[in-house]
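Taking it in order: structure first as structure tokens, then the write-up.
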Amino acid sequence: MAAWSDLTNDILEHITSFLTFPDHCRFGAVCKNWSLVSKLRRYPPAPQLPWLVLEEEEETRKRKFYSLSEAKHYSIEIPELHGRYICGSSHGWLFAVDIKITGILINPFTRECYELPPFPAFSKKIDIPLYEKVPSDDIERIRGWTFEEMQIRIVFKAILSHDPKERSDFTAMILFGELNTPAFWRPGDLCWTIVDGQVGSMDDIVYFEENFYVLPSGIQLYVVDFEPKPKLREVGPEIGQDKKISKFFSFEVFHPLVGAPVWLTPNPW
Amino acid sequence: MITLISSDKRKFHVLEEVANQSLTIRDVIEDRRGRRRADRIILVTNINSKIPEKVIVYWLRHFLMPEEIAHASMSHKKAEKLKKWEAKFFDTDIDTLNDLILAADSLDIPSLFDGACEKVSDILKNRSAEEVGEISKIENEFTHEEEEEEIPSENAWVWRNEFA
């Protein structure tokens with residue numbers, strides 16, 4: 001008799017609760033019954049190290065990922081991400097910008113997707129023209145920037161307050177444009193709202209216990225107040241003049257042309 | 001002392017405190033409290049004698065420290081030792097694992113159930129569906145069309161390892 005064939009579906013499901021997302025998918029391909037069990041998805045997949053989001057394959061346009069836990073590359077067909085630059089990841093969702101400088105927020109596994117409104121002007125001098133309206137002989141120029149450059153530079157970092165699957169009233173916060181200005185969007189908003197009170201360029205942003213914290217390249221930490229008017233407010237702790245923090249997390253490789261690496265924690269159901 | 005009788009009629013005498021780790025047995029004993037001695041005999045008919053032996057070994061190892069396990073207050077050294085012991089305990093053939101899971105399920109022994117399920121998941125880890133099929137002798141039963149259409153579109157990426 002085949003092993004494990006007398007295990008009930010409840011027991012099989014319990015076994016799947018110890019499997020990571022890729023193992024869970026492989027489990028579902030073993031036999032018909034296991035396939036049914038894998039589709040119940042009562043338990044979230046077992047936690048694993050996040051995946052590194054890589055570029056797309058040139059020929060197939062499949063998106064490449066690298067799983068640290070398994071030391072394996074995966075190529076996954078996600079049409080929504082074709083030609084898009086990934087500028088942020090949060091709760092298993094990706095922020096992706098295309099050549100026309102329009103953004104989407106997508107869960108690459110469930111393929112749930114939000115279209116984001118057009119980004120605000122890159123800087124006081126540089127507005128982002130409609131891709132279609134730029135004359136064809138000048139198609140690659142936005143005041144000295146090509147669309148390819150702008151696609152990478154427009155959003156420096158993007159994060160979410162909550163998993164959109166769990167709370168539809170989540171807030172998306174980006175650091176965008178020349179000065180990494182903070183701006184937010186909530187589902188239903190027609191445009192991004194810029195947070196006032198910025199001094200200098202911002203280096204990092206994080207969401208922690210109901211608040212967004214923004215870190216400029218100086219020595220003071222800011223929190224985003226949404227009421228009465230979106231504004232940055234200085235908060236402690238005092239950081240000594242001689243100590244400068246520039247990231248909320250430890251050293252990260254940053255490449256000026258590619259940006260910071262994007263890590264994805266698969267959140268498939 | 002209570003007596004467990006397996007499907008092949010072997011008898012196992014166990015201290016009540018030890019057997020209490022099975023929530024099913026604990027409830028049965030509780031129901032029968034104050035009755036005759038014969039009522040301290042429990043038939044575990046769905047499992048053969050090999051499994052009660054293993055279950056009792058597991059109970060005895062865990063009996064020494066149930067409080068510590070429950071409150072996660074074990075010293076690091078003890079926890080490491082127990083982990084090593086469990087790794088060895090569960091390092092067995094898949095049929096035994098299968099029976100251990102069934103026994104832990106019907107006797108309601110949560111830690112044994114979890115441990116055995118986790119061991120099965122370890123066997124499945126990083127293995128393709130074909131490999132799992134070979135190990136477990138499970139027939140995949142997918143028709144050719146289903147395998148062509150359904151599986152690849154959803155899951156093909158998980159076992160293709162294109163640039164490793």
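Chain identifiers are assigned as A, B, and so on, following the order in which chains appear in the structure tokens; residues are numbered from 1 within each chain, and ligands are numbered from 1 in order of appearance.
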Given only C-alpha atoms, how would the per-residue table for range 9-67 of chain A near range 114-137 of chain B read, listing every residue at most 8 Å away with its closest atom pair and distance in Å to one decimal, sorted by chain and number, as CSV?
residue,atom,partner,partner_atom,distance
A:Ile11,CA,B:Cys117,CA,7.9
A:His14,CA,B:Cys117,CA,7.0
A:Ile15,CA,B:Cys117,CA,5.0
A:Thr16,CA,B:Ser121,CA,6.9
A:Phe18,CA,B:Glu118,CA,6.1
A:Leu19,CA,B:Ser121,CA,6.2
A:Asp23,CA,B:Lys125,CA,5.8
A:Arg26,CA,B:Ala129,CA,5.7
A:Phe27,CA,B:Ala129,CA,6.5
A:Ala29,CA,B:Ala129,CA,5.6
A:Val30,CA,B:Ala129,CA,4.6
Just write the chosen residues, C-alpha atoms, as an mmCIF file, in the first residue's frame.
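Ended up saving to again.cif:
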data_model
loop_
_atom_site.group_PDB
_atom_site.id
_atom_site.type_symbol
_atom_site.label_atom_id
_atom_site.label_comp_id
_atom_site.auth_asym_id
_atom_site.auth_seq_id
_atom_site.Cartn_x
_atom_site.Cartn_y
_atom_site.Cartn_z
ATOM 1 C CA ILE A 11 -3.742 15.373 8.864
ATOM 2 C CA HIS A 14 -1.495 19.787 9.165
ATOM 3 C CA ILE A 15 1.603 18.464 7.403
ATOM 4 C CA THR A 16 1.375 21.254 4.803
ATOM 5 C CA PHE A 18 5.173 22.979 7.991
ATOM 6 C CA LEU A 19 5.907 23.516 4.297
ATOM 7 C CA ASP A 23 7.240 23.054 -1.119
ATOM 8 C CA ARG A 26 5.215 20.783 -5.145
ATOM 9 C CA PHE A 27 3.073 18.948 -2.570
ATOM 10 C CA ALA A 29 1.430 18.150 -7.695
ATOM 11 C CA VAL A 30 1.967 14.745 -6.079
#
Residues of chain A within 12 Å of chain B, only C-alpha atoms counted, as an MDAnalysis selection string
chainID A and resid 1:8 10:35 38:39 45:46 57 62:67 69:78 109:110
